[in-house]
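Colleague: One file: input.cif (mmCIF, C-alpha atoms; chains and numbers go by the auth columns).
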```
data_my_file
loop_
_atom_site.group_PDB
_atom_site.id
_atom_site.type_symbol
_atom_site.label_atom_id
_atom_site.label_comp_id
_atom_site.label_asym_id
_atom_site.label_seq_id
_atom_site.Cartn_x
_atom_site.Cartn_y
_atom_site.Cartn_z
_atom_site.B_iso_or_equiv
_atom_site.auth_seq_id
_atom_site.auth_asym_id
ATOM 1 C CA MET A 1 88.616 70.239 129.954 0.00 145 T
ATOM 2 C CA THR A 2 85.920 71.862 127.809 0.00 146 T
ATOM 3 C CA LEU A 3 85.699 70.761 124.182 0.00 147 T
ATOM 4 C CA PRO A 4 85.551 74.022 122.123 0.00 148 T
ATOM 5 C CA LEU A 5 82.964 73.182 119.465 0.00 149 T
ATOM 6 C CA PHE A 6 83.027 76.757 118.130 0.00 150 T
ATOM 7 C CA ARG A 7 86.548 76.179 116.864 0.00 151 T
ATOM 8 C CA ASP A 8 85.390 73.751 114.183 0.00 152 T
ATOM 9 C CA ASP A 9 81.886 75.157 113.663 0.00 153 T
ATOM 10 C CA ALA A 10 81.383 78.868 114.342 0.00 154 T
ATOM 11 C CA TYR A 11 77.774 78.533 113.139 0.00 155 T
ATOM 12 C CA LEU A 12 76.707 76.060 115.840 0.00 156 T
ATOM 13 C CA THR A 13 74.005 77.980 117.710 0.00 157 T
ATOM 14 C CA ARG A 14 72.726 75.173 119.967 0.00 158 T
ATOM 15 C CA THR A 15 74.300 72.052 121.409 0.00 159 T
ATOM 16 C CA SER A 16 73.768 69.581 124.215 0.00 160 T
ATOM 17 C CA ALA A 17 76.283 69.486 127.055 0.00 161 T
ATOM 18 C CA VAL A 18 76.831 68.243 130.591 0.00 162 T
ATOM 19 C CA VAL A 19 77.744 70.389 133.596 0.00 163 T
ATOM 20 C CA THR A 20 81.141 69.222 134.853 0.00 164 T
ATOM 21 C CA GLY A 21 81.689 71.924 137.466 0.00 165 T
ATOM 22 C CA VAL A 22 80.483 75.125 139.123 0.00 166 T
ATOM 23 C CA ASN A 23 83.227 77.312 140.561 0.00 167 T
ATOM 24 C CA GLU A 24 83.128 79.365 143.757 0.00 168 T
ATOM 25 C CA ARG A 25 81.806 82.404 141.876 0.00 169 T
ATOM 26 C CA GLY A 26 79.034 80.477 140.199 0.00 170 T
ATOM 27 C CA GLY A 27 80.785 80.084 136.854 0.00 171 T
ATOM 28 C CA ILE A 28 79.544 77.022 134.988 0.00 172 T
ATOM 29 C CA ILE A 29 81.892 74.600 133.252 0.00 173 T
ATOM 30 C CA LEU A 30 80.594 72.197 130.610 0.00 174 T
ATOM 31 C CA ASP A 31 82.107 69.155 128.950 0.00 175 T
ATOM 32 C CA GLN A 32 81.706 70.880 125.577 0.00 176 T
ATOM 33 C CA THR A 33 80.459 74.254 124.411 0.00 177 T
ATOM 34 C CA ASN A 34 79.604 76.447 121.447 0.00 178 T
ATOM 35 C CA PHE A 35 80.208 79.589 123.590 0.00 179 T
ATOM 36 C CA TYR A 36 83.383 81.488 122.642 0.00 180 T
ATOM 37 C CA PRO A 37 85.371 82.787 125.679 0.00 181 T
ATOM 38 C CA THR A 38 86.767 86.334 125.752 0.00 182 T
ATOM 39 C CA GLY A 39 90.144 86.418 124.050 0.00 183 T
ATOM 40 C CA GLY A 40 92.096 87.760 121.102 0.00 184 T
ATOM 41 C CA GLY A 41 90.173 91.015 121.206 0.00 185 T
ATOM 42 C CA GLN A 42 86.816 89.249 120.739 0.00 186 T
ATOM 43 C CA PRO A 43 84.203 89.390 123.544 0.00 187 T
ATOM 44 C CA GLY A 44 82.871 86.224 125.107 0.00 188 T
ATOM 45 C CA ASP A 45 79.478 84.922 124.024 0.00 189 T
ATOM 46 C CA SER A 46 76.240 85.528 125.867 0.00 190 T
ATOM 47 C CA GLY A 47 73.202 83.257 125.694 0.00 191 T
ATOM 48 C CA ARG A 48 71.489 80.708 127.882 0.00 192 T
ATOM 49 C CA LEU A 49 71.735 77.212 129.296 0.00 193 T
ATOM 50 C CA ILE A 50 68.418 75.353 129.341 0.00 194 T
ATOM 51 C CA LEU A 51 67.967 72.505 131.819 0.00 195 T
ATOM 52 C CA ALA A 52 65.911 69.388 131.127 0.00 196 T
ATOM 53 C CA ASP A 53 62.971 70.761 133.160 0.00 197 T
ATOM 54 C CA GLY A 54 62.924 73.974 131.119 0.00 198 T
ATOM 55 C CA THR A 55 64.730 76.138 133.693 0.00 199 T
ATOM 56 C CA THR A 56 66.796 78.777 131.873 0.00 200 T
ATOM 57 C CA ILE A 57 70.145 80.096 133.107 0.00 201 T
ATOM 58 C CA GLU A 58 71.008 83.340 131.343 0.00 202 T
ATOM 59 C CA ILE A 59 74.716 83.596 130.506 0.00 203 T
ATOM 60 C CA ALA A 60 76.085 87.148 130.601 0.00 204 T
ATOM 61 C CA THR A 61 79.501 86.348 129.155 0.00 205 T
ATOM 62 C CA THR A 62 82.018 83.555 128.709 0.00 206 T
ATOM 63 C CA VAL A 63 85.656 83.566 129.852 0.00 207 T
ATOM 64 C CA LYS A 64 88.657 81.299 130.036 0.00 208 T
ATOM 65 C CA GLY A 65 89.094 79.278 133.213 0.00 209 T
ATOM 66 C CA GLU A 66 92.067 78.535 135.408 0.00 210 T
ATOM 67 C CA THR A 67 93.590 76.259 132.790 0.00 211 T
ATOM 68 C CA PRO A 68 93.944 76.951 129.042 0.00 212 T
ATOM 69 C CA ASP A 69 91.421 74.259 128.123 0.00 213 T
ATOM 70 C CA GLU A 70 88.711 75.296 130.600 0.00 214 T
ATOM 71 C CA ILE A 71 85.835 77.568 129.549 0.00 215 T
ATOM 72 C CA VAL A 72 83.609 79.254 132.133 0.00 216 T
ATOM 73 C CA HIS A 73 80.048 80.398 131.417 0.00 217 T
ATOM 74 C CA VAL A 74 79.265 83.365 133.670 0.00 218 T
ATOM 75 C CA PRO A 75 75.578 83.489 134.686 0.00 219 T
ATOM 76 C CA ALA A 76 73.650 86.741 134.870 0.00 220 T
ATOM 77 C CA GLU A 77 73.083 87.992 138.406 0.00 221 T
ATOM 78 C CA GLY A 78 70.331 86.073 140.188 0.00 222 T
ATOM 79 C CA SER A 79 70.409 83.086 137.838 0.00 223 T
ATOM 80 C CA PRO A 80 70.057 79.596 139.366 0.00 224 T
ATOM 81 C CA ARG A 81 73.028 77.256 139.629 0.00 225 T
ATOM 82 C CA PRO A 82 72.840 73.845 137.978 0.00 226 T
ATOM 83 C CA ASP A 83 73.900 70.613 139.607 0.00 227 T
ATOM 84 C CA VAL A 84 77.088 68.945 138.453 0.00 228 T
ATOM 85 C CA GLY A 85 76.108 66.193 136.056 0.00 229 T
ATOM 86 C CA ALA A 86 73.008 67.994 134.797 0.00 230 T
ATOM 87 C CA GLY A 87 72.349 67.949 131.082 0.00 231 T
ATOM 88 C CA VAL A 88 71.778 71.307 129.401 0.00 232 T
ATOM 89 C CA THR A 89 71.123 72.796 126.001 0.00 233 T
ATOM 90 C CA ALA A 90 73.652 75.580 125.361 0.00 234 T
ATOM 91 C CA GLU A 91 72.262 78.331 123.130 0.00 235 T
ATOM 92 C CA ILE A 92 74.272 81.396 122.101 0.00 236 T
ATOM 93 C CA ASP A 93 72.890 84.834 121.225 0.00 237 T
ATOM 94 C CA TRP A 94 73.427 84.231 117.529 0.00 238 T
ATOM 95 C CA ASP A 95 72.684 87.705 116.190 0.00 239 T
ATOM 96 C CA VAL A 96 75.382 89.197 118.430 0.00 240 T
ATOM 97 C CA ARG A 97 77.864 86.409 117.671 0.00 241 T
ATOM 98 C CA HIS A 98 77.386 86.756 113.929 0.00 242 T
ATOM 99 C CA ARG A 99 78.048 90.494 114.050 0.00 243 T
ATOM 100 C CA LEU A 100 81.228 89.809 116.027 0.00 244 T
ATOM 101 C CA MET A 101 82.276 87.185 113.474 0.00 245 T
ATOM 102 C CA ARG A 102 81.681 89.585 110.606 0.00 246 T
ATOM 103 C CA MET A 103 83.718 92.351 112.217 0.00 247 T
ATOM 104 C CA HIS A 104 86.527 90.028 113.339 0.00 248 T
ATOM 105 C CA SER A 105 86.891 88.758 109.785 0.00 249 T
ATOM 106 C CA CYS A 106 86.884 92.342 108.511 0.00 250 T
ATOM 107 C CA LEU A 107 89.759 93.247 110.832 0.00 251 T
ATOM 108 C CA HIS A 108 91.803 90.503 109.185 0.00 252 T
ATOM 109 C CA LEU A 109 91.123 92.223 105.869 0.00 253 T
ATOM 110 C CA LEU A 110 92.143 95.563 107.375 0.00 254 T
ATOM 111 C CA SER A 111 95.488 94.081 108.436 0.00 255 T
ATOM 112 C CA ALA A 112 96.023 93.023 104.821 0.00 256 T
ATOM 113 C CA VAL A 113 95.028 96.421 103.406 0.00 257 T
ATOM 114 C CA LEU A 114 97.396 98.126 105.875 0.00 258 T
ATOM 115 C CA PRO A 115 100.442 95.792 106.010 0.00 259 T
ATOM 116 C CA TYR A 116 102.004 97.225 109.165 0.00 260 T
ATOM 117 C CA PRO A 117 102.704 95.589 112.551 0.00 261 T
ATOM 118 C CA VAL A 118 99.565 95.478 114.709 0.00 262 T
ATOM 119 C CA THR A 119 99.960 96.785 118.260 0.00 263 T
ATOM 120 C CA GLY A 120 96.409 96.111 119.458 0.00 264 T
ATOM 121 C CA GLY A 121 92.849 95.503 118.420 0.00 265 T
ATOM 122 C CA GLN A 122 89.314 94.992 119.590 0.00 266 T
ATOM 123 C CA VAL A 123 86.123 93.505 118.195 0.00 267 T
ATOM 124 C CA SER A 124 82.819 94.941 119.409 0.00 268 T
ATOM 125 C CA ASP A 125 79.180 94.552 118.410 0.00 269 T
ATOM 126 C CA GLY A 126 78.926 96.482 115.151 0.00 270 T
ATOM 127 C CA LYS A 127 82.381 98.020 115.304 0.00 271 T
ATOM 128 C CA GLY A 128 86.057 97.193 115.657 0.00 272 T
ATOM 129 C CA ARG A 129 89.527 98.675 115.508 0.00 273 T
ATOM 130 C CA LEU A 130 93.172 97.893 114.940 0.00 274 T
ATOM 131 C CA ASP A 131 96.189 99.854 116.150 0.00 275 T
ATOM 132 C CA PHE A 132 99.219 99.943 113.860 0.00 276 T
ATOM 133 C CA ASP A 133 102.885 100.616 114.546 0.00 277 T
ATOM 134 C CA LEU A 134 103.105 103.342 111.963 0.00 278 T
ATOM 135 C CA PRO A 135 105.222 106.497 111.888 0.00 279 T
ATOM 136 C CA GLU A 136 103.903 109.782 110.548 0.00 280 T
ATOM 137 C CA ALA A 137 101.893 108.828 107.513 0.00 281 T
ATOM 138 C CA THR A 138 98.731 109.920 105.796 0.00 282 T
ATOM 139 C CA LEU A 139 95.986 107.315 105.967 0.00 283 T
ATOM 140 C CA ASP A 140 92.953 108.150 103.907 0.00 284 T
ATOM 141 C CA LYS A 141 89.605 107.001 105.326 0.00 285 T
ATOM 142 C CA ASP A 142 87.880 106.894 101.962 0.00 286 T
ATOM 143 C CA GLU A 143 90.678 104.954 100.271 0.00 287 T
ATOM 144 C CA ILE A 144 90.759 102.326 103.027 0.00 288 T
ATOM 145 C CA THR A 145 86.956 102.057 103.003 0.00 289 T
ATOM 146 C CA THR A 146 86.928 101.542 99.233 0.00 290 T
ATOM 147 C CA GLU A 147 89.628 98.868 99.363 0.00 291 T
ATOM 148 C CA LEU A 148 87.959 96.962 102.199 0.00 292 T
ATOM 149 C CA ASN A 149 84.607 96.881 100.428 0.00 293 T
ATOM 150 C CA ARG A 150 86.280 95.810 97.194 0.00 294 T
ATOM 151 C CA ILE A 151 87.795 92.769 98.926 0.00 295 T
ATOM 152 C CA ILE A 152 84.549 92.023 100.760 0.00 296 T
ATOM 153 C CA ASN A 153 82.612 92.004 97.485 0.00 297 T
ATOM 154 C CA GLU A 154 85.102 89.647 95.837 0.00 298 T
ATOM 155 C CA ASN A 155 83.628 86.740 97.839 0.00 299 T
ATOM 156 C CA HIS A 156 86.846 85.293 99.259 0.00 300 T
ATOM 157 C CA ALA A 157 86.456 82.062 101.231 0.00 301 T
ATOM 158 C CA LEU A 158 87.667 81.899 104.839 0.00 302 T
ATOM 159 C CA THR A 159 89.036 78.585 106.088 0.00 303 T
ATOM 160 C CA SER A 160 91.023 77.342 109.065 0.00 304 T
ATOM 161 C CA ASP A 161 94.006 75.037 109.328 0.00 305 T
ATOM 162 C CA TRP A 162 96.595 74.013 111.888 0.00 306 T
ATOM 163 C CA ILE A 163 100.369 74.170 111.971 0.00 307 T
ATOM 164 C CA SER A 164 102.825 73.065 114.623 0.00 308 T
ATOM 165 C CA GLU A 165 104.465 75.542 116.953 0.00 309 T
ATOM 166 C CA GLU A 166 107.774 74.677 115.294 0.00 310 T
ATOM 167 C CA GLU A 167 106.333 75.539 111.858 0.00 311 T
ATOM 168 C CA LEU A 168 105.123 78.888 113.176 0.00 312 T
ATOM 169 C CA ASP A 169 108.544 79.601 114.657 0.00 313 T
ATOM 170 C CA ALA A 170 109.979 79.046 111.178 0.00 314 T
ATOM 171 C CA LYS A 171 107.479 81.550 109.701 0.00 315 T
ATOM 172 C CA PRO A 172 107.409 84.469 112.174 0.00 316 T
ATOM 173 C CA GLU A 173 106.003 86.753 109.484 0.00 317 T
ATOM 174 C CA LEU A 174 102.606 85.073 109.958 0.00 318 T
ATOM 175 C CA VAL A 175 102.231 86.765 113.360 0.00 319 T
ATOM 176 C CA LYS A 176 101.113 90.340 112.735 0.00 320 T
ATOM 177 C CA THR A 177 100.401 91.311 116.342 0.00 321 T
ATOM 178 C CA MET A 178 103.269 92.744 118.358 0.00 322 T
ATOM 179 C CA SER A 179 101.663 92.683 121.803 0.00 323 T
ATOM 180 C CA VAL A 180 99.743 89.392 121.672 0.00 324 T
ATOM 181 C CA GLN A 181 101.237 86.083 120.623 0.00 325 T
ATOM 182 C CA PRO A 182 99.238 82.964 119.692 0.00 326 T
ATOM 183 C CA PRO A 183 98.578 80.696 122.688 0.00 327 T
ATOM 184 C CA ARG A 184 101.142 77.957 123.015 0.00 328 T
ATOM 185 C CA GLY A 185 101.398 74.713 124.889 0.00 329 T
ATOM 186 C CA ALA A 186 99.004 72.541 122.887 0.00 330 T
ATOM 187 C CA GLY A 187 101.643 71.809 120.243 0.00 331 T
ATOM 188 C CA ARG A 188 99.715 73.344 117.364 0.00 332 T
ATOM 189 C CA ILE A 189 98.475 76.765 116.265 0.00 333 T
ATOM 190 C CA ARG A 190 95.250 77.538 114.399 0.00 334 T
ATOM 191 C CA LEU A 191 95.517 79.606 111.223 0.00 335 T
ATOM 192 C CA ILE A 192 92.757 81.598 109.544 0.00 336 T
ATOM 193 C CA LYS A 193 93.109 81.957 105.781 0.00 337 T
ATOM 194 C CA VAL A 194 91.263 84.506 103.666 0.00 338 T
ATOM 195 C CA ASP A 195 91.783 82.955 100.263 0.00 339 T
ATOM 196 C CA GLY A 196 94.199 85.056 98.231 0.00 340 T
ATOM 197 C CA VAL A 197 94.235 87.857 100.807 0.00 341 T
ATOM 198 C CA ASP A 198 95.517 86.948 104.271 0.00 342 T
ATOM 199 C CA LEU A 199 96.884 84.181 106.474 0.00 343 T
ATOM 200 C CA GLN A 200 97.523 84.555 110.211 0.00 344 T
ATOM 201 C CA PRO A 201 97.158 82.742 113.543 0.00 345 T
ATOM 202 C CA CYS A 202 93.789 83.317 115.246 0.00 346 T
ATOM 203 C CA GLY A 203 91.580 81.463 117.690 0.00 347 T
ATOM 204 C CA GLY A 204 88.464 83.566 117.091 0.00 348 T
ATOM 205 C CA THR A 205 85.251 82.886 115.193 0.00 349 T
ATOM 206 C CA HIS A 206 84.894 83.922 111.560 0.00 350 T
ATOM 207 C CA VAL A 207 82.434 83.955 108.680 0.00 351 T
ATOM 208 C CA ARG A 208 82.761 81.508 105.792 0.00 352 T
ATOM 209 C CA ASN A 209 83.003 84.108 103.047 0.00 353 T
ATOM 210 C CA THR A 210 83.894 87.796 102.909 0.00 354 T
ATOM 211 C CA SER A 211 80.515 88.519 101.308 0.00 355 T
ATOM 212 C CA GLU A 212 78.904 87.827 104.708 0.00 356 T
ATOM 213 C CA ILE A 213 80.702 90.807 106.249 0.00 357 T
ATOM 214 C CA GLY A 214 78.595 93.370 104.423 0.00 358 T
ATOM 215 C CA ALA A 215 79.492 96.972 103.678 0.00 359 T
ATOM 216 C CA VAL A 216 81.810 98.720 106.150 0.00 360 T
ATOM 217 C CA ARG A 217 83.360 102.137 106.499 0.00 361 T
ATOM 218 C CA VAL A 218 86.297 103.647 108.334 0.00 362 T
ATOM 219 C CA ARG A 219 84.764 105.725 111.109 0.00 363 T
ATOM 220 C CA LYS A 220 87.938 107.509 112.164 0.00 364 T
ATOM 221 C CA ILE A 221 91.706 107.369 112.220 0.00 365 T
ATOM 222 C CA GLU A 222 93.422 108.512 115.412 0.00 366 T
ATOM 223 C CA LYS A 223 96.982 109.166 116.494 0.00 367 T
ATOM 224 C CA LYS A 224 97.596 107.192 119.702 0.00 368 T
ATOM 225 C CA GLY A 225 101.288 107.869 120.196 0.00 369 T
ATOM 226 C CA ARG A 226 104.367 108.799 118.234 0.00 370 T
ATOM 227 C CA GLN A 227 104.119 105.721 116.020 0.00 371 T
ATOM 228 C CA ASN A 228 100.663 104.373 116.827 0.00 372 T
ATOM 229 C CA ARG A 229 97.669 104.882 114.515 0.00 373 T
ATOM 230 C CA ARG A 230 94.206 103.557 115.391 0.00 374 T
ATOM 231 C CA VAL A 231 91.835 102.722 112.538 0.00 375 T
ATOM 232 C CA SER A 232 88.217 102.251 113.662 0.00 376 T
ATOM 233 C CA LEU A 233 85.574 100.511 111.533 0.00 377 T
ATOM 234 C CA VAL A 234 81.780 100.288 111.676 0.00 378 T
ATOM 235 C CA PHE A 235 79.207 98.506 109.571 0.00 379 T
ATOM 236 C CA ALA A 236 77.760 100.809 106.925 0.00 380 T
ATOM 237 C CA GLU A 237 74.259 99.363 107.363 0.00 381 T
#
```
What do you get writing this file as structure tokens?
Modeller:
Amino acid sequence: MTLPLFRDDAYLTRTSAVVTGVNERGGIILDQTNFYPTGGGQPGDSGRLILADGTTIEIATTVKGETPDEIVHVPAEGSPRPDVGAGVTAEIDWDVRHRLMRMHSCLHLLSAVLPYPVTGGQVSDGKGRLDFDLPEATLDKDEITTELNRIINENHALTSDWISEEELDAKPELVKTMSVQPPRGAGRIRLIKVDGVDLQPCGGTHVRNTSEIGAVRVRKIEKKGRQNRRVSLVFAE
């Protein structure tokens, strides 16, 4: 088991940890980590693990392991392997993570601005997109851009909470995604709330306030099927 520190503190850039395993492909498992693993449309974190003697292991990405509660840090090619039991300092590439957090939070706003079922989505560095189950309809790039930036500038707080799987079953309207359901089996589901704007299950990392997102714009709107519309965003900076 890897304790996911990022779940309670998305701003934790460095933490101490202990190597509990190295798999056959060289993936490194720690007892706890601030590295987010690929999932929910958000890429896994990159960064480095620093050993007590100063040796640095560059981490190219982070993924989920063979069990739901295992997180694997994937070293860059040619990086050394640590010994099991070794203490490390885990340090994420914060600038990249923060951009991903900003965009992920913005996609939650987009799903509130366009209240249609979501068929897919992806967060990338500096950009993101959501696909909507939407029949022939006119979506205006400028109108969506204006509404998103209005909400961003209203300084809404983002917080997380937990509900039981049974509570979520009683409120199916909270799940906006058609193709991806919240992970089950732990008995509880994490919710992300944008105060006064949005509430939905999500295991990703988010900013504390919409003001952190910064200005965005709709880059393009594409037709991806008879009833599928893709709305792509970028930072306006």
Colleague: By how many Å are CA of Asp227 (chain T) and CA of Arg151 (chain T) apart?
Modeller: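 CA of Asp227 (chain T) sits 26.6 Å away from CA of Arg151 (chain T).
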Colleague: Quick one: of T:Thr199, T:Ser249, T:Thr205, T:Thr290, who's nearest to Gly272 (chain T), counting all atoms listed in the file?
Modeller: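 Among the listed residues, the smallest separation from Gly272 (chain T) belongs to T:Ser249.
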Colleague: Which residues come within 9 Å of His242 (chain T), counting all atoms listed in the file, excluding same-chain residues fewer than 4 positions away, as an MDAnalysis selection string?
Modeller: chainID T and resid 154:155 237:238 246:247 349:351
Colleague: Counting all atoms listed in the file, which of T:Asp275, T:Glu221, T:Asp213, T:Asp189 gets nearest to Ile236 (chain T)?
Modeller: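 For Ile236 (chain T), the nearest of the candidates is T:Asp189.
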Colleague: Using all atoms listed in the file, which residues sit within 6 Å of region 368-376 of chain T once same-chain residues fewer than 3 positions away are excluded, as a PyMOL selection string?
Modeller: chain T and resi 272-279+362-365
Colleague: I'd like the interatomic distance between CA of Val218 (chain T) and CA of Ile172 (chain T), to a tenth of an Å.
Modeller: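 Interatomic distance, CA of Val218 (chain T) to CA of Ile172 (chain T): 6.5 Å.
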Colleague: Please provide as a list in words all residues within 8 Å of Thr164 (chain T), with the sequence filter that same-chain residues fewer than 4 positions apart are discarded (counting all atoms listed in the file).
Modeller: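 Near neighbours after the sequence-gap exclusion: Ile172, Ile173, Leu174, Asp175, Val228 and Gly229 of chain T.
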Colleague: Residue by residue, what does the PyMOL selection byres ((chain T and resi 193) around 9) grab here? Present the result as a PDB file with C-alpha atoms, in the coordinates of the input.
Modeller:
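That gives us result.pdb:
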```pdb
ATOM      1  CA  GLY T 191      73.202  83.257 125.694  1.00  0.00           C
ATOM      2  CA  ARG T 192      71.489  80.708 127.882  1.00  0.00           C
ATOM      3  CA  ILE T 194      68.418  75.353 129.341  1.00  0.00           C
ATOM      4  CA  LEU T 195      67.967  72.505 131.819  1.00  0.00           C
ATOM      5  CA  THR T 199      64.730  76.138 133.693  1.00  0.00           C
ATOM      6  CA  THR T 200      66.796  78.777 131.873  1.00  0.00           C
ATOM      7  CA  ILE T 201      70.145  80.096 133.107  1.00  0.00           C
ATOM      8  CA  GLU T 202      71.008  83.340 131.343  1.00  0.00           C
ATOM      9  CA  ILE T 203      74.716  83.596 130.506  1.00  0.00           C
ATOM     10  CA  VAL T 232      71.778  71.307 129.401  1.00  0.00           C
ATOM     11  CA  THR T 233      71.123  72.796 126.001  1.00  0.00           C
ATOM     12  CA  ALA T 234      73.652  75.580 125.361  1.00  0.00           C
ATOM     13  CA  GLU T 235      72.262  78.331 123.130  1.00  0.00           C
ATOM     14  CA  ILE T 236      74.272  81.396 122.101  1.00  0.00           C
TER      15      ILE T 236
END
```
Colleague: Can you pull out the residues contacting Ala301 (chain T)? Cut-off 8 Å, using only C-alpha atoms, and skip same-chain residues under 3 positions away; I want them as an MDAnalysis selection string.
Modeller: chainID T and resid 338:339 352:354
Colleague: Figure out the distance between CA of Pro148 (chain T) and CA of Ala196 (chain T), please, to one decimal in Å.
Modeller: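 So the two atoms, CA of Ala196 (chain T) and CA of Pro148 (chain T), lie 22.1 Å apart.
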Colleague: Which is closer to Gly185 (chain T) than all the others in T:Thr157, T:Thr289, T:Asn167, T:Thr321, using only C-alpha atoms?
Modeller: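 Nearest candidate to Gly185 (chain T) out of T:Thr157, T:Thr289, T:Asn167, T:Thr321: T:Thr321.
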Colleague: Can you translate the PyMOL selection byres ((chain T and resi 308) around 8) into the concrete residues it hits in this file, as a list of chain:residue names?
Modeller: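 Those residues are T:Trp306, T:Ile307, T:Glu309, T:Glu310, T:Glu311, T:Leu312, T:Gly331, T:Arg332, T:Ile333.
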Colleague: The selected residues should be written to file as a JSON list (two decimals), keeping the file's coordinate frame (atoms: C-alpha atoms).
Modeller:
```
[["chain", "number", "residue", "atom", "x", "y", "z"],
["T", 306, "TRP", "CA", 96.60, 74.01, 111.89],
["T", 307, "ILE", "CA", 100.37, 74.17, 111.97],
["T", 309, "GLU", "CA", 104.46, 75.54, 116.95],
["T", 310, "GLU", "CA", 107.77, 74.68, 115.29],
["T", 311, "GLU", "CA", 106.33, 75.54, 111.86],
["T", 312, "LEU", "CA", 105.12, 78.89, 113.18],
["T", 331, "GLY", "CA", 101.64, 71.81, 120.24],
["T", 332, "ARG", "CA", 99.72, 73.34, 117.36],
["T", 333, "ILE", "CA", 98.48, 76.76, 116.26]]
```
Colleague: Of the candidates T:Leu149, T:Val378, T:Ala161, T:Leu335, which shows the shortest atom-to-atom distance to Gly231 (chain T), using only C-alpha atoms?
Modeller: T:Ala161
Colleague: Using all atoms listed in the file, pick whichever of T:Pro181, T:Gly209, T:Pro259, T:Pro226 has the shortest atom-to-atom distance to Val341 (chain T).
Modeller: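 Comparing T:Pro181, T:Gly209, T:Pro259, T:Pro226 against Val341 (chain T), the winner is T:Pro259.
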Colleague: Compare T:Ala281, T:Val240, T:Leu302, T:Ile357 by their minimum atom-to-atom distance to Lys337 (chain T), counting only C-alpha atoms, and give me the closest one.
Modeller: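 Closest to Lys337 (chain T), using only C-alpha atoms: T:Leu302.
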Colleague: Using the chain letters and numbering of this document, enumerate as number ranges by chain the residues selected by the PyMOL selection byres ((chain T and resi 379) around 6).
Modeller: T: 270, 360, 378, 380-381
Colleague: Assuming 3 Å of padding per side, give the centre and edge lengths of the axis-aligned box around every listed atom of region 221-237 of chain T, in Å to one decimal and as JSON.
Modeller:
```
{"center_x": 73.6, "center_y": 77.1, "center_z": 130.7, "size_x": 13.0, "size_y": 27.8, "size_z": 25.0}
```
Colleague: Can you list, as number ranges by chain, every protein, DNA or RNA residue that comes within 8 Å of Leu292 (chain T) when you count all atoms listed in the file, leaving out same-chain residues fewer than 2 positions away?
Modeller: T: 250, 253-254, 257, 288-290, 294-296, 360
Colleague: Please produce an output containing C-alpha atoms for each residue in the selection, written as a PDB file, keeping the file's coordinate frame.
Modeller:
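Writing done, so here's again-v9.pdb:
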```pdb
ATOM      1  CA  CYS T 250      86.884  92.342 108.511  1.00  0.00           C
ATOM      2  CA  LEU T 253      91.123  92.223 105.869  1.00  0.00           C
ATOM      3  CA  LEU T 254      92.143  95.563 107.375  1.00  0.00           C
ATOM      4  CA  VAL T 257      95.028  96.421 103.406  1.00  0.00           C
ATOM      5  CA  ILE T 288      90.759 102.326 103.027  1.00  0.00           C
ATOM      6  CA  THR T 289      86.956 102.057 103.003  1.00  0.00           C
ATOM      7  CA  THR T 290      86.928 101.542  99.233  1.00  0.00           C
ATOM      8  CA  ARG T 294      86.280  95.810  97.194  1.00  0.00           C
ATOM      9  CA  ILE T 295      87.795  92.769  98.926  1.00  0.00           C
ATOM     10  CA  ILE T 296      84.549  92.023 100.760  1.00  0.00           C
ATOM     11  CA  VAL T 360      81.810  98.720 106.150  1.00  0.00           C
TER      12      VAL T 360
END
```
